[in-house]
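Asks: This is model37.pdb (PDB, C-alpha atoms).
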```
ATOM      1  CA  MET A 111       7.565  -3.443 135.902
ATOM      2  CA  SER A 112       6.145  -4.464 139.233
ATOM      3  CA  CYS A 113       8.885  -7.029 139.943
ATOM      4  CA  ASP A 114      11.694  -4.492 140.413
ATOM      5  CA  LEU A 115      13.914  -5.187 143.399
ATOM      6  CA  PRO A 116      15.141  -2.511 145.780
ATOM      7  CA  VAL A 117      18.374  -1.131 144.331
ATOM      8  CA  ASN A 118      20.596  -2.561 147.070
ATOM      9  CA  ALA A 119      18.883  -5.948 147.480
ATOM     10  CA  PHE A 120      20.718  -9.230 146.918
ATOM     11  CA  ASP A 121      18.573 -11.573 144.836
ATOM     12  CA  GLU A 122      19.028 -15.063 146.297
ATOM     13  CA  ARG A 123      18.131 -16.667 142.956
ATOM     14  CA  LEU A 124      21.548 -15.456 141.851
ATOM     15  CA  LEU A 125      23.176 -18.187 143.968
ATOM     16  CA  ALA A 126      22.300 -20.845 141.399
ATOM     17  CA  LEU A 127      24.131 -18.874 138.694
ATOM     18  CA  LEU A 128      27.339 -18.146 140.612
ATOM     19  CA  ARG A 129      30.403 -20.171 141.544
ATOM     20  CA  CYS A 130      33.479 -19.555 143.681
ATOM     21  CA  PRO A 131      36.069 -18.028 141.301
ATOM     22  CA  LEU A 132      38.846 -20.031 142.961
ATOM     23  CA  THR A 133      37.314 -23.525 143.214
ATOM     24  CA  ARG A 134      34.226 -23.167 140.978
ATOM     25  CA  SER A 135      32.168 -24.776 143.723
ATOM     26  CA  PRO A 136      28.636 -23.546 144.540
ATOM     27  CA  LEU A 137      28.095 -20.784 147.074
ATOM     28  CA  ARG A 138      25.689 -20.558 149.990
ATOM     29  CA  LYS A 139      24.491 -17.367 151.666
ATOM     30  CA  GLU A 140      25.145 -16.714 155.351
ATOM     31  CA  GLY A 141      24.122 -13.204 156.372
ATOM     32  CA  ASP A 142      26.132 -10.777 154.248
ATOM     33  CA  TRP A 143      28.555 -13.450 153.037
ATOM     34  CA  LEU A 144      28.650 -16.018 150.255
ATOM     35  CA  ILE A 145      30.498 -19.114 151.430
ATOM     36  CA  ALA A 146      32.203 -21.427 148.942
ATOM     37  CA  GLU A 147      31.303 -25.095 149.370
ATOM     38  CA  GLU A 148      34.889 -26.109 148.595
ATOM     39  CA  GLY A 149      37.662 -24.253 150.411
ATOM     40  CA  GLY A 150      35.283 -22.202 152.581
ATOM     41  CA  LEU A 151      36.263 -18.735 151.342
ATOM     42  CA  ALA A 152      33.626 -16.189 152.405
ATOM     43  CA  TYR A 153      32.910 -13.475 149.850
ATOM     44  CA  PRO A 154      31.316 -10.268 151.145
ATOM     45  CA  ILE A 155      28.014  -8.857 149.877
ATOM     46  CA  ARG A 156      28.416  -5.089 150.127
ATOM     47  CA  ASP A 157      25.252  -3.014 149.658
ATOM     48  CA  GLY A 158      23.729  -5.978 147.854
ATOM     49  CA  ILE A 159      26.725  -6.450 145.509
ATOM     50  CA  PRO A 160      28.628  -9.751 145.754
ATOM     51  CA  VAL A 161      32.376  -9.077 145.696
ATOM     52  CA  LEU A 162      33.742 -12.319 144.245
ATOM     53  CA  LEU A 163      37.439 -11.519 144.524
ATOM     54  CA  PRO A 164      39.476 -14.126 146.476
ATOM     55  CA  GLU A 165      41.821 -11.344 147.666
ATOM     56  CA  GLU A 166      38.886  -9.633 149.398
ATOM     57  CA  ALA A 167      37.332 -12.821 150.804
ATOM     58  CA  ARG A 168      37.399 -13.839 154.473
ATOM     59  CA  LEU A 169      39.606 -16.875 155.002
ATOM     60  CA  PRO A 170      38.183 -19.976 156.716
ATOM     61  CA  GLU A 171      39.165 -20.555 160.336
ATOM     62  CA  GLY A 172      42.698 -21.873 160.831
ATOM     63  CA  VAL A 173      43.945 -20.634 157.439
ATOM     64  CA  LYS A 174      46.417 -17.738 157.537
ATOM     65  CA  SER A 175      46.682 -16.775 153.867
ATOM     66  CA  LEU A 176      45.143 -17.300 150.446
ATOM     67  CA  ASP A 177      48.314 -19.095 149.329
ATOM     68  CA  GLU A 178      47.990 -21.527 152.236
ATOM     69  CA  LEU A 179      44.377 -22.223 151.255
ATOM     70  CA  LYS A 180      45.367 -22.820 147.622
ATOM     71  CA  GLN A 181      47.954 -25.369 148.767
ATOM     72  CA  LYS A 182      45.324 -27.175 150.846
ATOM     73  CA  LEU A 183      42.794 -27.474 148.041
ATOM     74  CA  PRO A 184      42.714 -30.900 146.369
ATOM     75  CA  ARG A 185      44.058 -31.322 142.837
ATOM     76  CA  ARG A 186      41.379 -31.418 140.171
TER      77      ARG A 186
ATOM     78  CA  MET B 698      57.193  14.840 116.438
ATOM     79  CA  ASN B 699      60.680  14.095 117.798
ATOM     80  CA  ALA B 700      59.155  11.936 120.476
ATOM     81  CA  LEU B 701      57.091  10.052 117.912
ATOM     82  CA  SER B 702      59.975   9.499 115.563
ATOM     83  CA  SER B 703      62.069   8.037 118.396
ATOM     84  CA  MET B 704      59.490   5.368 119.160
ATOM     85  CA  PRO B 705      60.375   1.758 118.395
ATOM     86  CA  GLN B 706      58.569   0.514 115.263
ATOM     87  CA  SER B 707      57.410  -2.544 117.106
ATOM     88  CA  SER B 708      54.647  -4.889 116.068
ATOM     89  CA  GLU B 709      54.549  -6.213 119.616
ATOM     90  CA  VAL B 710      51.600  -5.576 121.866
ATOM     91  CA  LEU B 711      52.611  -3.291 124.730
ATOM     92  CA  ARG B 712      52.401  -4.620 128.277
ATOM     93  CA  VAL B 713      50.072  -3.332 130.991
ATOM     94  CA  LEU B 714      52.188  -2.548 134.023
ATOM     95  CA  GLN B 715      49.437  -1.348 136.347
ATOM     96  CA  SER B 716      48.430  -3.809 139.078
ATOM     97  CA  ARG B 717      44.873  -5.111 139.324
ATOM     98  CA  SER B 718      44.258  -3.212 142.570
ATOM     99  CA  ALA B 719      45.545   0.008 140.958
ATOM    100  CA  THR B 720      43.187  -0.537 137.999
ATOM    101  CA  ARG B 721      40.309  -1.108 140.400
ATOM    102  CA  ALA B 722      41.128   2.039 142.367
ATOM    103  CA  PHE B 723      41.454   4.043 139.121
ATOM    104  CA  TYR B 724      37.998   3.030 137.829
ATOM    105  CA  ASN B 725      36.460   3.597 141.254
ATOM    106  CA  ARG B 726      37.878   7.140 141.143
ATOM    107  CA  ILE B 727      36.676   7.984 137.632
ATOM    108  CA  SER B 728      33.303   6.192 137.697
ATOM    109  CA  SER B 729      31.283   9.357 138.303
ATOM    110  CA  PHE B 730      32.583  11.103 135.173
ATOM    111  CA  TYR B 731      33.492   8.048 133.060
ATOM    112  CA  ASP B 732      30.671   8.694 130.580
ATOM    113  CA  LEU B 733      32.013  12.170 129.904
ATOM    114  CA  LEU B 734      35.370  10.657 128.973
ATOM    115  CA  SER B 735      34.202   7.776 126.826
ATOM    116  CA  ASP B 736      30.558   7.930 125.889
ATOM    117  CA  ARG B 737      30.513   9.949 122.683
ATOM    118  CA  SER B 738      33.469   8.256 121.021
ATOM    119  CA  GLU B 739      32.531   4.711 122.021
ATOM    120  CA  THR B 740      28.773   4.788 121.395
ATOM    121  CA  PRO B 741      28.823   3.813 117.664
ATOM    122  CA  MET B 742      31.180   0.900 118.389
ATOM    123  CA  ARG B 743      29.095  -0.309 121.309
ATOM    124  CA  GLU B 744      25.992  -0.199 119.130
ATOM    125  CA  ALA B 745      27.771  -2.129 116.363
ATOM    126  CA  ALA B 746      28.928  -4.723 118.910
ATOM    127  CA  LEU B 747      25.376  -5.125 120.202
ATOM    128  CA  ARG B 748      24.067  -5.580 116.656
ATOM    129  CA  LEU B 749      26.720  -8.217 116.001
ATOM    130  CA  LEU B 750      25.865 -10.056 119.221
ATOM    131  CA  ALA B 751      22.149 -10.009 118.286
ATOM    132  CA  ALA B 752      20.837 -10.913 121.750
ATOM    133  CA  ALA B 753      17.515 -12.741 121.503
ATOM    134  CA  GLU B 754      14.538 -13.059 123.811
ATOM    135  CA  GLY B 755      15.076 -15.580 126.599
ATOM    136  CA  GLU B 756      18.878 -15.720 126.300
ATOM    137  CA  ARG B 757      21.367 -15.638 129.166
ATOM    138  CA  ILE B 758      24.112 -13.110 128.408
ATOM    139  CA  LEU B 759      27.206 -11.899 130.264
ATOM    140  CA  GLU B 760      28.890  -8.527 129.832
ATOM    141  CA  ILE B 761      32.457  -8.264 131.137
ATOM    142  CA  GLY B 762      33.547  -4.745 132.115
ATOM    143  CA  PHE B 763      30.181  -3.016 131.769
ATOM    144  CA  GLY B 764      31.254   0.381 133.117
ATOM    145  CA  THR B 765      28.203   2.540 133.737
ATOM    146  CA  GLY B 766      25.902  -0.027 132.122
ATOM    147  CA  HIS B 767      24.834   1.296 128.677
ATOM    148  CA  CYS B 768      25.088  -2.130 127.031
ATOM    149  CA  LEU B 769      23.462  -3.842 130.024
ATOM    150  CA  VAL B 770      20.353  -1.719 129.475
ATOM    151  CA  ALA B 771      20.223  -2.639 125.774
ATOM    152  CA  LEU B 772      20.877  -6.326 126.494
ATOM    153  CA  ALA B 773      18.206  -6.460 129.208
ATOM    154  CA  ARG B 774      15.673  -5.057 126.735
ATOM    155  CA  SER B 775      16.707  -7.599 124.071
ATOM    156  CA  VAL B 776      16.503 -10.705 126.289
ATOM    157  CA  GLY B 777      13.121  -9.618 127.633
ATOM    158  CA  PRO B 778      11.452 -10.821 130.828
ATOM    159  CA  THR B 779      12.303 -14.483 130.122
ATOM    160  CA  GLY B 780      16.042 -13.840 129.660
ATOM    161  CA  LYS B 781      18.811 -12.919 132.062
ATOM    162  CA  VAL B 782      21.813 -10.615 131.799
ATOM    163  CA  SER B 783      24.834 -10.947 134.067
ATOM    164  CA  GLY B 784      27.491  -8.315 134.474
ATOM    165  CA  ILE B 785      30.936  -8.477 136.028
ATOM    166  CA  ASP B 786      33.213  -5.492 136.637
ATOM    167  CA  LEU B 787      36.348  -5.045 138.714
ATOM    168  CA  SER B 788      35.212  -1.657 140.019
ATOM    169  CA  ASP B 789      32.569  -1.674 142.752
ATOM    170  CA  SER B 790      31.788   1.997 142.046
ATOM    171  CA  MET B 791      30.941   1.085 138.431
ATOM    172  CA  VAL B 792      28.712  -1.749 139.686
ATOM    173  CA  GLU B 793      26.870   0.689 141.910
ATOM    174  CA  LEU B 794      26.438   3.249 139.115
ATOM    175  CA  ALA B 795      25.251   0.640 136.602
ATOM    176  CA  ARG B 796      22.781  -0.716 139.142
ATOM    177  CA  LYS B 797      21.298   2.746 139.628
ATOM    178  CA  ASN B 798      21.021   3.247 135.860
ATOM    179  CA  LEU B 799      19.275  -0.125 135.460
ATOM    180  CA  ALA B 800      16.902   0.671 138.314
ATOM    181  CA  HIS B 801      16.084   3.988 136.622
ATOM    182  CA  GLU B 802      15.149   2.030 133.472
ATOM    183  CA  HIS B 803      13.130  -0.504 135.551
ATOM    184  CA  LEU B 804      15.354  -3.315 134.251
ATOM    185  CA  LEU B 805      17.113  -4.390 137.438
ATOM    186  CA  ALA B 806      15.073  -7.591 137.766
ATOM    187  CA  ARG B 807      16.587  -8.922 134.527
ATOM    188  CA  VAL B 808      20.204  -8.153 135.422
ATOM    189  CA  ASP B 809      22.632  -9.605 138.001
ATOM    190  CA  LEU B 810      25.714  -7.548 138.753
ATOM    191  CA  ILE B 811      28.790  -8.641 140.614
ATOM    192  CA  CYS B 812      32.231  -7.283 141.348
ATOM    193  CA  GLY B 813      34.871  -9.738 140.118
ATOM    194  CA  ASP B 814      37.815 -10.520 137.853
ATOM    195  CA  ALA B 815      37.407 -11.891 134.311
ATOM    196  CA  CYS B 816      40.610 -13.943 134.684
ATOM    197  CA  SER B 817      38.552 -16.259 136.869
ATOM    198  CA  LEU B 818      34.880 -15.951 135.966
ATOM    199  CA  PRO B 819      32.561 -16.997 138.815
ATOM    200  CA  TYR B 820      30.047 -18.753 136.551
ATOM    201  CA  PRO B 821      29.467 -22.458 135.806
ATOM    202  CA  ASP B 822      30.804 -24.174 132.655
ATOM    203  CA  ASN B 823      28.572 -24.096 129.545
ATOM    204  CA  SER B 824      26.022 -21.833 131.250
ATOM    205  CA  LEU B 825      25.739 -18.788 128.935
ATOM    206  CA  ASP B 826      24.419 -18.096 125.439
ATOM    207  CA  ALA B 827      26.670 -15.109 124.754
ATOM    208  CA  VAL B 828      29.430 -12.926 126.210
ATOM    209  CA  LEU B 829      30.112  -9.268 125.352
ATOM    210  CA  MET B 830      33.259  -7.242 126.030
ATOM    211  CA  CYS B 831      33.442  -3.617 124.884
ATOM    212  CA  PHE B 832      36.788  -1.844 125.362
ATOM    213  CA  THR B 833      37.719  -4.164 128.210
ATOM    214  CA  LEU B 834      40.003  -6.903 126.835
ATOM    215  CA  GLU B 835      42.737  -4.375 126.004
ATOM    216  CA  LEU B 836      42.955  -3.445 129.702
ATOM    217  CA  PHE B 837      44.361  -6.867 130.580
ATOM    218  CA  ASP B 838      48.074  -7.533 130.452
ATOM    219  CA  THR B 839      49.300  -9.613 127.488
ATOM    220  CA  PRO B 840      49.550 -13.009 129.283
ATOM    221  CA  GLU B 841      46.080 -12.479 130.791
ATOM    222  CA  ILE B 842      44.288 -11.971 127.469
ATOM    223  CA  PRO B 843      44.194 -15.691 126.522
ATOM    224  CA  THR B 844      43.214 -16.497 130.125
ATOM    225  CA  VAL B 845      40.192 -14.189 129.910
ATOM    226  CA  LEU B 846      39.201 -15.565 126.488
ATOM    227  CA  ARG B 847      39.507 -19.187 127.643
ATOM    228  CA  GLN B 848      37.306 -18.313 130.608
ATOM    229  CA  CYS B 849      34.730 -16.989 128.129
ATOM    230  CA  LEU B 850      34.996 -20.246 126.185
ATOM    231  CA  ARG B 851      34.474 -22.243 129.397
ATOM    232  CA  VAL B 852      31.289 -20.436 130.505
ATOM    233  CA  LEU B 853      29.699 -20.379 127.032
ATOM    234  CA  ARG B 854      27.478 -23.240 125.922
ATOM    235  CA  PRO B 855      28.500 -25.058 122.730
ATOM    236  CA  GLY B 856      27.624 -22.759 119.841
ATOM    237  CA  GLY B 857      27.597 -19.760 122.211
ATOM    238  CA  ARG B 858      28.734 -16.331 120.887
ATOM    239  CA  LEU B 859      31.479 -13.978 121.986
ATOM    240  CA  VAL B 860      31.671 -10.384 120.770
ATOM    241  CA  VAL B 861      34.774  -8.333 121.582
ATOM    242  CA  ALA B 862      35.152  -4.662 120.662
ATOM    243  CA  SER B 863      38.701  -3.424 121.180
ATOM    244  CA  ILE B 864      41.182  -0.895 119.935
ATOM    245  CA  THR B 865      43.347  -2.887 117.582
ATOM    246  CA  LYS B 866      46.873  -2.892 116.237
ATOM    247  CA  THR B 867      47.362  -2.522 112.523
ATOM    248  CA  GLN B 868      50.401  -2.864 110.283
ATOM    249  CA  PRO B 869      51.707  -0.401 109.388
ATOM    250  CA  ARG B 870      50.771   1.676 112.410
ATOM    251  CA  GLY B 871      49.239   5.040 111.548
ATOM    252  CA  TRP B 872      50.308   8.235 113.334
ATOM    253  CA  ALA B 873      47.325   8.050 115.719
ATOM    254  CA  LEU B 874      48.199   4.511 116.778
ATOM    255  CA  GLN B 875      51.838   5.508 117.278
ATOM    256  CA  ALA B 876      50.792   8.495 119.402
ATOM    257  CA  TYR B 877      48.421   6.339 121.412
ATOM    258  CA  GLU B 878      51.086   3.703 122.109
ATOM    259  CA  TRP B 879      53.611   6.405 122.983
ATOM    260  CA  THR B 880      51.172   7.837 125.532
ATOM    261  CA  HIS B 881      50.451   4.394 127.006
ATOM    262  CA  ARG B 882      54.168   3.673 127.256
ATOM    263  CA  HIS B 883      55.026   6.955 128.980
ATOM    264  CA  PHE B 884      51.840   7.661 130.956
ATOM    265  CA  PRO B 885      50.380   4.231 131.731
ATOM    266  CA  ASN B 886      48.292   5.651 134.557
ATOM    267  CA  LEU B 887      46.669   8.135 132.189
ATOM    268  CA  LEU B 888      46.026   5.694 129.337
ATOM    269  CA  ASP B 889      45.700   2.227 130.822
ATOM    270  CA  CYS B 890      44.532   0.362 127.713
ATOM    271  CA  ARG B 891      46.508  -0.215 124.530
ATOM    272  CA  PRO B 892      45.811  -1.697 121.081
ATOM    273  CA  ILE B 893      45.945  -5.487 120.780
ATOM    274  CA  TYR B 894      45.597  -8.004 117.936
ATOM    275  CA  VAL B 895      42.031  -8.729 118.932
ATOM    276  CA  ARG B 896      40.920 -11.001 116.076
ATOM    277  CA  ARG B 897      44.044 -13.127 116.386
ATOM    278  CA  ALA B 898      43.648 -13.374 120.180
ATOM    279  CA  VAL B 899      40.039 -14.564 119.880
ATOM    280  CA  ALA B 900      40.926 -17.107 117.183
ATOM    281  CA  GLU B 901      43.983 -18.439 119.042
ATOM    282  CA  SER B 902      41.879 -18.995 122.164
ATOM    283  CA  GLY B 903      39.776 -21.574 120.324
ATOM    284  CA  PHE B 904      36.844 -19.594 118.968
ATOM    285  CA  SER B 905      35.605 -19.909 115.395
ATOM    286  CA  ILE B 906      35.693 -16.420 113.909
ATOM    287  CA  ARG B 907      32.365 -15.585 112.260
ATOM    288  CA  ARG B 908      32.809 -11.922 111.444
ATOM    289  CA  THR B 909      35.122  -8.961 112.026
ATOM    290  CA  ILE B 910      34.050  -5.331 111.632
ATOM    291  CA  HIS B 911      36.650  -2.560 111.400
ATOM    292  CA  MET B 912      35.760   0.914 112.649
ATOM    293  CA  LYS B 913      37.607   3.984 113.851
ATOM    294  CA  LYS B 914      37.173   6.227 116.847
ATOM    295  CA  TRP B 915      40.378   8.118 116.210
ATOM    296  CA  ILE B 916      42.411   4.945 116.328
ATOM    297  CA  PRO B 917      41.412   1.625 114.709
ATOM    298  CA  VAL B 918      38.810  -0.517 116.453
ATOM    299  CA  ALA B 919      37.921  -4.124 115.608
ATOM    300  CA  ILE B 920      34.693  -5.824 116.610
ATOM    301  CA  VAL B 921      34.997  -9.607 116.445
ATOM    302  CA  LEU B 922      32.278 -12.245 116.606
ATOM    303  CA  GLY B 923      33.471 -15.712 117.589
ATOM    304  CA  THR B 924      31.543 -18.829 118.465
ATOM    305  CA  LYS B 925      32.356 -21.805 120.652
ATOM    306  CA  ARG B 926      32.618 -24.967 118.592
ATOM    307  CA  ALA B 927      29.891 -27.521 119.203
ATOM    308  CA  GLN B 928      32.245 -30.319 120.263
ATOM    309  CA  GLU B 929      33.831 -28.175 122.977
ATOM    310  CA  ASP B 930      31.038 -28.765 125.433
ATOM    311  CA  HIS B 931      33.403 -28.724 128.394
ATOM    312  CA  VAL B 932      36.506 -26.590 128.315
ATOM    313  CA  SER B 933      37.802 -26.232 131.819
ATOM    314  CA  PRO B 934      41.200 -24.586 132.113
ATOM    315  CA  GLU B 935      42.611 -24.429 135.575
ATOM    316  CA  PRO B 936      42.069 -21.098 137.332
ATOM    317  CA  GLN B 937      45.218 -19.048 136.843
ATOM    318  CA  GLU B 938      45.706 -18.067 140.460
ATOM    319  CA  ARG B 939      46.107 -21.633 141.667
ATOM    320  CA  GLY B 940      49.657 -21.621 140.344
ATOM    321  CA  LYS B 941      51.678 -24.313 138.665
ATOM    322  CA  LYS B 942      50.503 -27.190 140.818
ATOM    323  CA  GLY B 943      46.838 -26.701 139.991
ATOM    324  CA  VAL B 944      44.203 -28.202 142.226
TER     325      VAL B 944
END
```
Would you kindly transcribe this structure into structure tokens?
Replies:
Amino acid sequence: MSCDLPVNAFDERLLALLRCPLTRSPLRKEGDWLIAEEGGLAYPIRDGIPVLLPEEARLPEGVKSLDELKQKLPRR
Amino acid sequence: MNALSSMPQSSEVLRVLQSRSATRAFYNRISSFYDLLSDRSETPMREAALRLLAAAEGERILEIGFGTGHCLVALARSVGPTGKVSGIDLSDSMVELARKNLAHEHLLARVDLICGDACSLPYPDNSLDAVLMCFTLELFDTPEIPTVLRQCLRVLRPGGRLVVASITKTQPRGWALQAYEWTHRHFPNLLDCRPIYVRRAVAESGFSIRRTIHMKKWIPVAIVLGTKRAQEDHVSPEPQERGKKGV
């Protein structure tokens, strides 16, 4: 197949198919990070692989812990 | 035999005491020789599970816990160039290995792989035609099993299929099952999975059971096909990690 991607490439079309595992909000790509629309957790893309584990995500500015972020999120 | 005879004759499913990060580290460590440990014994069950799932051209399919990616390759061939296969695994080393195997088969363009946790699937509601889990559900601790299955129900479209292959408990337990449970109980780091009541778990999570196949590696295995009922077009349980308050 001629449409093969390089092994360690992140396919940006994947963004439409993924959600933040914590808030289920869409994600946007910024460099090597996927940022959740709601809550602002930043999930790393390592060697082209999205790591969608809240425990491994970068917290948004001003938030000290994942528990604090969970408390701040609105009820659904 | 003394050890076996002293085991409790319990019908209860054993707990999984290993933490998620320990499980992740374990599979990262063994990824390079995982196929040597599991491939021969699991291959007939994986093939039966794939036949039961019957992936069709153009479908969007998720495999949870894909390991080195044998089923991903088969699924990618079945869905063809118009379909899409997604894979989620807790171990980033497994993701890397599976990606290399898919690239070798020139199938990478049909498959999206991510590292994540099935207790909180990072996919939209009602977005998938089918979900496959082969020898993965029994790795989750007992309270997490319904959480994982309800997540599957959430991401499947109405009428969507779930196939789960798992080592299964039987009554009465045979000697092999007793030995297996004894090993899990005493050496949980060596044998991290344990037999569960897989058909019952799938049914109790809201799926309609369509078929169950019983096989044996050296302990009993059940392969269950369930479907999401048509009226359940939006099942949205709260993510487990948000705690009691929910959000």
Asks: Using all atoms listed in the file and a distance of at most 10 Å, pull out the residues of chain B that contact chain A, as a compact mmCIF listing (two decimals) with C-alpha atoms, keeping the file's coordinate frame.
Replies:
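So result.txt came out as:
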```txt
# COMPACT_ATOMS: atom_id res chain seq x y z
CA SER B 718 44.26 -3.21 142.57
CA PRO B 778 11.45 -10.82 130.83
CA SER B 783 24.83 -10.95 134.07
CA ILE B 785 30.94 -8.48 136.03
CA ASP B 786 33.21 -5.49 136.64
CA LEU B 787 36.35 -5.04 138.71
CA SER B 788 35.21 -1.66 140.02
CA ASP B 789 32.57 -1.67 142.75
CA VAL B 792 28.71 -1.75 139.69
CA GLU B 793 26.87 0.69 141.91
CA ARG B 796 22.78 -0.72 139.14
CA LYS B 797 21.30 2.75 139.63
CA ASN B 798 21.02 3.25 135.86
CA LEU B 799 19.27 -0.12 135.46
CA ALA B 800 16.90 0.67 138.31
CA HIS B 801 16.08 3.99 136.62
CA GLU B 802 15.15 2.03 133.47
CA HIS B 803 13.13 -0.50 135.55
CA LEU B 804 15.35 -3.32 134.25
CA LEU B 805 17.11 -4.39 137.44
CA ALA B 806 15.07 -7.59 137.77
CA ARG B 807 16.59 -8.92 134.53
CA VAL B 808 20.20 -8.15 135.42
CA ASP B 809 22.63 -9.60 138.00
CA LEU B 810 25.71 -7.55 138.75
CA ILE B 811 28.79 -8.64 140.61
CA CYS B 812 32.23 -7.28 141.35
CA GLY B 813 34.87 -9.74 140.12
CA ASP B 814 37.82 -10.52 137.85
CA ALA B 815 37.41 -11.89 134.31
CA CYS B 816 40.61 -13.94 134.68
CA SER B 817 38.55 -16.26 136.87
CA LEU B 818 34.88 -15.95 135.97
CA PRO B 819 32.56 -17.00 138.82
CA TYR B 820 30.05 -18.75 136.55
CA PRO B 821 29.47 -22.46 135.81
CA ASP B 822 30.80 -24.17 132.66
CA SER B 824 26.02 -21.83 131.25
CA LEU B 825 25.74 -18.79 128.94
CA GLU B 935 42.61 -24.43 135.57
CA PRO B 936 42.07 -21.10 137.33
CA GLN B 937 45.22 -19.05 136.84
CA GLU B 938 45.71 -18.07 140.46
CA ARG B 939 46.11 -21.63 141.67
CA GLY B 940 49.66 -21.62 140.34
CA LYS B 942 50.50 -27.19 140.82
CA GLY B 943 46.84 -26.70 139.99
CA VAL B 944 44.20 -28.20 142.23
```
Asks: Which distance in Å separates atom CA of B:Pro741 and atom CA of B:Ala862, to one decimal?
Replies: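 Interatomic distance here is 11.0 Å.
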Asks: Mind telling me what the PyMOL selection byres ((chain B and resi 853-856) around 10) catches here, as an NGL selection string?
Replies: :B and (757-759 or 820-828 or 847-852 or 857-859 or 904-905 or 923-932)
Asks: At a cut-off of 8 Å, using all atoms listed in the file, what residues contact A:Trp143? Leave out same-chain residues fewer than 4 positions from it and give the result as a list in words.
Replies: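 Once the nearby chain positions are removed, what remains is Lys139, Ala152, Tyr153, Pro154 and Ile155 of chain A.
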Asks: Output C-alpha atoms for every residue in that selection, as a short mmCIF file (atom, residue, chain, number, x, y, z; two decimals), keeping the file's coordinate frame.
Replies:
```cif
data_model
loop_
_atom_site.label_atom_id
_atom_site.label_comp_id
_atom_site.auth_asym_id
_atom_site.auth_seq_id
_atom_site.Cartn_x
_atom_site.Cartn_y
_atom_site.Cartn_z
CA LYS A 139 24.49 -17.37 151.67
CA ALA A 152 33.63 -16.19 152.40
CA TYR A 153 32.91 -13.48 149.85
CA PRO A 154 31.32 -10.27 151.15
CA ILE A 155 28.01 -8.86 149.88
#
```
Asks: Any chance you could resolve the PyMOL selection byres ((chain B and resi 763-769) around 8) against this file and give the residues as a ChimeraX atom specification?
Replies: /B:728,731-732,743,747,760-762,770-773,782,784-786,791-792,794-796,798-799,808,830-831
Asks: Restricting the calculation to only C-alpha atoms: of B:Leu846, B:Gln875, B:Val860, B:Gly903, which residue gets closest to B:Met742?
Replies: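 Ranked by minimum distance to B:Met742, first place goes to B:Val860.
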Asks: If we count all atoms listed in the file and set the cut-off at 12 Å, which residues sit around B:Asp838, ignoring sequence neighbours fewer than 3 positions away in its own chain? Please answer as a ChimeraX atom specification.
Replies: /B:710-717,720,816,833-835,841-845,889-893
Asks: Quick check, in Å to one decimal: how far apart do atom CA of B:Phe837 and atom CA of B:Arg748 lie?
Replies: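 According to the coordinates, atom CA of B:Phe837 and atom CA of B:Arg748 are separated by 24.6 Å.
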Asks: Go ahead and fit an axis-aligned box to every listed atom of stretch 149-156 of chain A plus 6 Å each side, and pass me the centre and edge lengths in Å, one decimal, as AutoDock Vina command-line options.
Replies:
```
--center_x 32.8 --center_y -14.7 --center_z 151.2 --size_x 21.6 --size_y 31.2 --size_z 14.7
```
Asks: Distance atom CA of B:Ala745-atom CA of B:Thr909, one decimal place?
Replies: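 Taking atom CA of B:Ala745 as the start and atom CA of B:Thr909 as the end point, the length is 10.9 Å.
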Asks: So which residues touch A:Leu125 within 7 Å, counting only C-alpha atoms, skipping near sequence neighbours fewer than 3 positions away, as a PyMOL selection string?
Replies: chain A and resi 122+128+137-138
Asks: Using only C-alpha atoms, which of the listed residues (B:Leu749, B:Ala919, B:Ala876, B:Ile864) sits closest to B:Arg907?
Replies: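 Ranked by minimum distance to B:Arg907, first place goes to B:Leu749.
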